[in-house]
Amino acid sequence: MNSLKFSIILLSLLTLAISTQAQDPTFLYHYCPNTTTFTRNSTYQANLNLLLSSLSSNATRNNINGFYNVSAGQDPDAVYGMFLCRGDVSNSVCRSCVNFATKDVLRRCPNEKVAMIWFDECELRYSNRNIFSTVDQDFTLFMSSPNNVTDQPQRFNQLVATTINDIATRAAAAPSGARKFAVQEANYTGQQKLYTLVQCTPDLPSSGCSRCLEGAISKLSNCCDRRQGGRVIFASCNFRYELYEFYNATAAAEASPPPPPPPVALSPPPASGSGTRPKGKVDYAYLFLLSLYDPQLSSP
């Protein structure tokens with residue numbers, strides 16, 4: 001009997017550990033150039049801690065379109081930050097990803113004033129300059145499948161380009177502040193379909209979203225020629241395609257919720273520590289190709 005009780009307890013603990021691990025978002029990459037840093041217990045760090053706390057708390061709201069931006073403090077110690085969740089993820093997944101990101105980014109970028117971190121479910125970034133409503137293409141992350149298509153590769157490349165261009169137009173046409181997100185599936189062969197996704201940050205105007213996605217699509221051949229799957233990721237927009245359904249089609253088809261509120265400015269608190277920094281899960285499903293626009297490019 002004691003042995004049975006022990007087995008049940010062990011099984012329960014194992015199940016709990018597995019479910020806890022499964023809640024961690026899938027890490028993709030982080031970028032934190034060390035050209036501008038802050039000192040520990042400085043005003044900038046206090047403002048950053050306040051900003052990250054605000055991002056985390058606002059991720060629990062249901063009416064923000066998976067996006068929120070906020071600033072804290074005054075120049076020269078002002079911090080500007082935002083998060084963007086993938087358009088088809090649930091509110092709970094968005095919240096979990098953002099909460100994890102606010103801690104993980106400090107572990108990976110402990111004293112840089114500029115930082116970006118990407119997960120499959122969300123991205124989070126902050127800077128010492130105003131990044132709101134601005135197209136940012138300074139850093140490019142290429143991700144591609146290690147496998148090539150073998151059936152009509154030129155037709156496949158054309159299908160990818162055409163489909164992504166089509167949904168980029170749809171995403172950019174979304175009203176100001178609305179979710180700039182679109183997906184589409186297309187027939188590749190009789191047995192296979194192509195699944196595509198594009199997204200911009202909702203604070204971009206339609207012209208800015210179009211320009212950002214045009215820049216990303218222009219790198220399609222560099223990133224993903226004949227590859228079965230690929231992504232190009234900028235800070236302000238991204239696209240992805242696969243030969244399997246990687247998004248929630250039902251959620252993606254739903255009407256967009258109301259536009260997010262405008263950015264708010266926070267009053268800085270007394271300086272404090274950055275808190276605990278849990279170690280994130282690393283799950284690479286792609287070959288990474290990084291465009292070296294910045295000589296200070298950090299390593300994963």
# chains A, B, ... in the order shown; residues from 1 in each chain; ligands from 1

$ select_by_dssp --residues "region 41-255 of chain A" --states "strand (DSSP E or B)" --output "PyMOL selection string"
chain A and resi 67-72+79-85+112+115-119+122-127+140-144+148+180-187+193-200+227+230-233+237-242

$ residues_around --residues "Ile233 (chain A)" --least-positions-apart "6" --cutoff "10 Å" --atoms "only C-alpha atoms" --output "CSV table (one decimal) with N, CA, C and O atoms, in the first residue's frame"
chain,number,residue,atom,x,y,z
A,118,TRP,N,12.6,37.3,-28.4
A,118,TRP,CA,11.6,36.7,-29.2
A,118,TRP,C,11.3,35.3,-28.7
A,118,TRP,O,12.2,34.5,-28.5
A,137,GLN,N,13.9,48.2,-38.6
A,137,GLN,CA,14.4,47.2,-39.4
A,137,GLN,C,15.9,47.1,-39.3
A,137,GLN,O,16.6,46.5,-40.1
A,139,PHE,N,17.6,45.4,-37.1
A,139,PHE,CA,18.1,44.0,-36.9
A,139,PHE,C,17.2,43.0,-37.6
A,139,PHE,O,16.0,43.2,-37.5
A,140,THR,N,17.8,42.0,-38.2
A,140,THR,CA,17.0,41.0,-38.9
A,140,THR,C,17.3,39.6,-38.5
A,140,THR,O,18.5,39.3,-38.4
A,141,LEU,N,16.3,38.9,-38.1
A,141,LEU,CA,16.5,37.5,-37.8
A,141,LEU,C,15.9,36.6,-38.9
A,141,LEU,O,14.7,36.7,-39.2
A,142,PHE,N,16.8,35.8,-39.5
A,142,PHE,CA,16.4,34.8,-40.5
A,142,PHE,C,16.3,33.4,-39.8
A,142,PHE,O,17.2,33.0,-39.0
A,143,MET,N,15.2,32.7,-40.1
A,143,MET,CA,15.0,31.4,-39.6
A,143,MET,C,14.5,30.5,-40.7
A,143,MET,O,13.5,30.9,-41.4
A,198,VAL,N,1.5,36.7,-41.3
A,198,VAL,CA,2.3,37.9,-41.2
A,198,VAL,C,1.7,38.7,-40.0
A,198,VAL,O,0.5,38.6,-39.6
A,199,GLN,N,2.5,39.6,-39.5
A,199,GLN,CA,2.1,40.5,-38.4
A,199,GLN,C,2.9,41.7,-38.2
A,199,GLN,O,4.2,41.6,-38.4
A,213,LEU,N,6.7,45.1,-43.8
A,213,LEU,CA,6.6,43.8,-44.4
A,213,LEU,C,7.2,43.7,-45.8
A,213,LEU,O,7.7,42.7,-46.2
A,216,ALA,N,10.7,42.9,-45.2
A,216,ALA,CA,10.9,41.6,-44.8
A,216,ALA,C,10.8,40.6,-46.0
A,216,ALA,O,11.6,39.7,-46.1
A,239,PHE,N,7.1,37.6,-40.8
A,239,PHE,CA,6.3,36.7,-41.5
A,239,PHE,C,6.8,35.3,-41.3
A,239,PHE,O,8.0,35.1,-40.9
A,240,ARG,N,6.0,34.3,-41.5
A,240,ARG,CA,6.3,32.9,-41.4
A,240,ARG,C,5.5,32.1,-42.3
A,240,ARG,O,4.4,32.4,-42.6

$ closest_residue --among "A:Asp166, A:Asp24, A:Asp151, A:Asp75" --to "Glu214 (chain A)" --atoms "only C-alpha atoms"
A:Asp166

$ atom_distance --atom1 "CA of Asp203 (chain A)" --atom2 "CA of Gly177 (chain A)"
5.6 Å

$ residues_around --residues "Arg155 (chain A)" --least-positions-apart "6" --cutoff "10 Å" --atoms "only C-alpha atoms" --output "list in words"
Ala161, Tyr188 and Arg226 of chain A

$ residues_around --residues "region 126-135 of chain A" --least-positions-apart "6" --cutoff "8 Å" --atoms "only C-alpha atoms" --output "PDB file with N, CA and C atoms, in the first residue's frame"
ATOM      1  N   ASN A  69       2.132  49.100 -25.124  1.00  0.00           N
ATOM      2  CA  ASN A  69       3.381  49.857 -25.032  1.00  0.00           C
ATOM      3  C   ASN A  69       3.274  50.889 -23.925  1.00  0.00           C
ATOM      4  N   ASP A  77      16.864  59.415 -18.685  1.00  0.00           N
ATOM      5  CA  ASP A  77      16.704  58.076 -18.120  1.00  0.00           C
ATOM      6  C   ASP A  77      15.375  57.436 -18.495  1.00  0.00           C
ATOM      7  N   ALA A  78      14.715  57.959 -19.516  1.00  0.00           N
ATOM      8  CA  ALA A  78      13.431  57.400 -19.938  1.00  0.00           C
ATOM      9  C   ALA A  78      13.624  56.030 -20.586  1.00  0.00           C
ATOM     10  N   VAL A  79      12.639  55.153 -20.391  1.00  0.00           N
ATOM     11  CA  VAL A  79      12.642  53.821 -20.998  1.00  0.00           C
ATOM     12  C   VAL A  79      11.317  53.645 -21.738  1.00  0.00           C
ATOM     13  N   TYR A  80      11.397  53.106 -22.955  1.00  0.00           N
ATOM     14  CA  TYR A  80      10.214  52.855 -23.775  1.00  0.00           C
ATOM     15  C   TYR A  80      10.156  51.358 -24.059  1.00  0.00           C
ATOM     16  N   GLY A  81       8.991  50.757 -23.855  1.00  0.00           N
ATOM     17  CA  GLY A  81       8.904  49.314 -24.051  1.00  0.00           C
ATOM     18  C   GLY A  81       7.558  48.875 -24.578  1.00  0.00           C
ATOM     19  N   MET A  82       7.515  47.648 -25.093  1.00  0.00           N
ATOM     20  CA  MET A  82       6.278  47.087 -25.629  1.00  0.00           C
ATOM     21  C   MET A  82       6.368  45.570 -25.664  1.00  0.00           C
ATOM     22  N   LYS A 113      20.764  48.934 -22.213  1.00  0.00           N
ATOM     23  CA  LYS A 113      19.604  49.826 -22.285  1.00  0.00           C
ATOM     24  C   LYS A 113      18.651  49.457 -23.421  1.00  0.00           C
ATOM     25  N   VAL A 114      19.148  48.722 -24.398  1.00  0.00           N
ATOM     26  CA  VAL A 114      18.326  48.296 -25.529  1.00  0.00           C
ATOM     27  C   VAL A 114      18.301  46.774 -25.547  1.00  0.00           C
ATOM     28  N   ALA A 115      17.112  46.194 -25.599  1.00  0.00           N
ATOM     29  CA  ALA A 115      17.007  44.732 -25.598  1.00  0.00           C
ATOM     30  C   ALA A 115      15.754  44.299 -26.342  1.00  0.00           C
ATOM     31  N   MET A 116      15.882  43.180 -27.028  1.00  0.00           N
ATOM     32  CA  MET A 116      14.749  42.545 -27.705  1.00  0.00           C
ATOM     33  C   MET A 116      14.835  41.059 -27.429  1.00  0.00           C
ATOM     34  N   ASP A 203       0.727  49.579 -33.418  1.00  0.00           N
ATOM     35  CA  ASP A 203       0.947  51.023 -33.341  1.00  0.00           C
ATOM     36  C   ASP A 203       1.438  51.607 -34.660  1.00  0.00           C
ATOM     37  N   LEU A 204       1.828  50.749 -35.614  1.00  0.00           N
ATOM     38  CA  LEU A 204       2.275  51.249 -36.909  1.00  0.00           C
ATOM     39  C   LEU A 204       1.082  51.704 -37.744  1.00  0.00           C
ATOM     40  N   PRO A 205       1.211  52.795 -38.477  1.00  0.00           N
ATOM     41  CA  PRO A 205       0.175  53.137 -39.459  1.00  0.00           C
ATOM     42  C   PRO A 205       0.209  52.124 -40.595  1.00  0.00           C
ATOM     43  N   GLY A 208       3.327  52.289 -42.602  1.00  0.00           N
ATOM     44  CA  GLY A 208       4.487  51.743 -41.906  1.00  0.00           C
ATOM     45  C   GLY A 208       4.484  50.236 -41.892  1.00  0.00           C
ATOM     46  N   CYS A 209       3.314  49.639 -41.678  1.00  0.00           N
ATOM     47  CA  CYS A 209       3.210  48.176 -41.709  1.00  0.00           C
ATOM     48  C   CYS A 209       3.560  47.654 -43.093  1.00  0.00           C
ATOM     49  N   ARG A 211       5.455  49.075 -45.360  1.00  0.00           N
ATOM     50  CA  ARG A 211       6.884  49.252 -45.609  1.00  0.00           C
ATOM     51  C   ARG A 211       7.712  48.212 -44.857  1.00  0.00           C
ATOM     52  N   CYS A 212       7.312  47.919 -43.631  1.00  0.00           N
ATOM     53  CA  CYS A 212       8.043  46.930 -42.841  1.00  0.00           C
ATOM     54  C   CYS A 212       7.948  45.548 -43.475  1.00  0.00           C
ATOM     55  N   SER A 236       9.581  45.261 -35.748  1.00  0.00           N
ATOM     56  CA  SER A 236       8.254  45.841 -35.973  1.00  0.00           C
ATOM     57  C   SER A 236       7.301  44.937 -36.749  1.00  0.00           C
TER      58      SER A 236
END

$ residues_around --residues "Thr150 (chain A)" --least-positions-apart "6" --cutoff "12 Å" --atoms "only C-alpha atoms" --output "short mmCIF file (atom, residue, chain, number, x, y, z; two decimals) with N, CA, C and O atoms, in the first residue's frame"
data_model
loop_
_atom_site.label_atom_id
_atom_site.label_comp_id
_atom_site.auth_asym_id
_atom_site.auth_seq_id
_atom_site.Cartn_x
_atom_site.Cartn_y
_atom_site.Cartn_z
N PHE A 156 7.00 26.48 -55.86
CA PHE A 156 6.84 26.65 -54.42
C PHE A 156 7.32 28.03 -53.99
O PHE A 156 6.63 28.74 -53.23
N ASN A 157 8.51 28.45 -54.45
CA ASN A 157 9.01 29.78 -54.11
C ASN A 157 8.03 30.87 -54.53
O ASN A 157 7.78 31.82 -53.79
N TYR A 188 -0.41 23.64 -52.38
CA TYR A 188 0.92 23.47 -52.99
C TYR A 188 0.90 22.28 -53.93
O TYR A 188 1.19 22.38 -55.12
N THR A 189 0.55 21.13 -53.40
CA THR A 189 0.35 19.93 -54.22
C THR A 189 -0.99 19.33 -53.81
O THR A 189 -1.67 19.85 -52.93
N ASP A 225 15.12 30.28 -49.64
CA ASP A 225 14.99 29.73 -50.98
C ASP A 225 14.79 28.22 -50.94
O ASP A 225 15.66 27.48 -50.46
N ARG A 226 13.63 27.76 -51.42
CA ARG A 226 13.28 26.33 -51.51
C ARG A 226 13.12 25.64 -50.16
O ARG A 226 12.92 24.43 -50.12
N ARG A 227 13.21 26.38 -49.09
CA ARG A 227 13.07 25.77 -47.76
C ARG A 227 11.61 25.45 -47.46
O ARG A 227 10.72 26.18 -47.84
N GLN A 228 11.39 24.35 -46.73
CA GLN A 228 10.03 23.93 -46.41
C GLN A 228 9.35 24.87 -45.42
O GLN A 228 8.12 24.85 -45.29
#

$ select_by_dssp --residues "region 147-195 of chain A" --states "helix (DSSP H, G or I)" --output "list in words"
Pro153, Gln154, Arg155, Phe156, Asn157, Gln158, Leu159, Val160, Ala161, Thr162, Thr163, Ile164, Asn165, Asp166, Ile167, Ala168, Thr169, Arg170, Ala171 and Ala172 of chain A

$ write_last_selection --atoms "C-alpha atoms" --output "tab-separated table (two decimals), in the first residue's frame"
chain	number	residue	atom	x	y	z
A	153	PRO	CA	10.70	24.14	-56.06
A	154	GLN	CA	10.40	27.19	-58.32
A	155	ARG	CA	6.61	27.01	-58.19
A	156	PHE	CA	6.84	26.65	-54.42
A	157	ASN	CA	9.01	29.78	-54.11
A	158	GLN	CA	6.53	31.72	-56.22
A	159	LEU	CA	3.58	30.45	-54.20
A	160	VAL	CA	5.26	31.50	-50.94
A	161	ALA	CA	6.04	34.99	-52.24
A	162	THR	CA	2.57	35.53	-53.73
A	163	THR	CA	0.70	34.31	-50.65
A	164	ILE	CA	2.77	36.32	-48.19
A	165	ASN	CA	2.38	39.45	-50.32
A	166	ASP	CA	-1.39	38.95	-50.39
A	167	ILE	CA	-1.78	38.66	-46.63
A	168	ALA	CA	0.71	41.48	-46.03
A	169	THR	CA	-1.70	43.74	-47.89
A	170	ARG	CA	-4.57	42.52	-45.72
A	171	ALA	CA	-2.67	43.00	-42.47
A	172	ALA	CA	-1.53	46.51	-43.36

$ residues_around --residues "Thr39 (chain A)" --least-positions-apart "4" --cutoff "10 Å" --atoms "only C-alpha atoms" --output "list in words"
Thr43, Tyr44, Gln45, Pro110, Asn111, Glu112 and Lys113 of chain A

$ write_last_selection --atoms "N, CA, C and O atoms" --output "short mmCIF file (atom, residue, chain, number, x, y, z; two decimals), in the first residue's frame"
data_model
loop_
_atom_site.label_atom_id
_atom_site.label_comp_id
_atom_site.auth_asym_id
_atom_site.auth_seq_id
_atom_site.Cartn_x
_atom_site.Cartn_y
_atom_site.Cartn_z
N THR A 43 19.00 55.28 -11.92
CA THR A 43 17.64 55.72 -12.22
C THR A 43 17.08 54.96 -13.42
O THR A 43 15.89 54.60 -13.45
N TYR A 44 17.93 54.71 -14.40
CA TYR A 44 17.47 53.98 -15.58
C TYR A 44 16.99 52.58 -15.20
O TYR A 44 15.96 52.12 -15.68
N GLN A 45 17.72 51.91 -14.34
CA GLN A 45 17.31 50.57 -13.93
C GLN A 45 15.99 50.62 -13.17
O GLN A 45 15.12 49.75 -13.36
N PRO A 110 21.49 41.75 -18.93
CA PRO A 110 21.42 42.26 -17.55
C PRO A 110 21.65 43.76 -17.39
O PRO A 110 21.15 44.35 -16.43
N ASN A 111 22.38 44.40 -18.29
CA ASN A 111 22.65 45.83 -18.08
C ASN A 111 22.65 46.65 -19.38
O ASN A 111 23.22 47.73 -19.44
N GLU A 112 22.00 46.14 -20.43
CA GLU A 112 21.91 46.87 -21.68
C GLU A 112 20.64 47.73 -21.71
O GLU A 112 19.58 47.28 -21.27
N LYS A 113 20.76 48.93 -22.21
CA LYS A 113 19.60 49.83 -22.28
C LYS A 113 18.65 49.46 -23.42
O LYS A 113 17.48 49.86 -23.40
#

$ atom_distance --atom1 "CA of Ala251 (chain A)" --atom2 "CA of Val183 (chain A)"
10.5 Å

$ closest_residue --among "A:Thr35, A:Ser207, A:Ser145, A:Ser218" --to "Pro175 (chain A)" --atoms "only C-alpha atoms"
A:Ser207

$ closest_residue --among "A:Ile64, A:Cys32, A:Ala253, A:Leu197" --to "Arg231 (chain A)" --atoms "only C-alpha atoms"
A:Leu197

$ atom_distance --atom1 "CA of Val70 (chain A)" --atom2 "CA of Glu254 (chain A)"
26.8 Å

$ residues_around --residues "Val93 (chain A)" --least-positions-apart "4" --cutoff "9 Å" --atoms "only C-alpha atoms" --output "ChimeraX atom specification"
/A:23,25,85,89,97-98,121

$ closest_residue --among "A:Gln191, A:Cys122, A:Gln184, A:Cys224" --to "Thr250 (chain A)" --atoms "only C-alpha atoms"
A:Gln184

$ closest_residue --among "A:Ser71, A:Asn58, A:Asn34, A:Thr26" --to "Cys109 (chain A)" --atoms "only C-alpha atoms"
A:Asn34
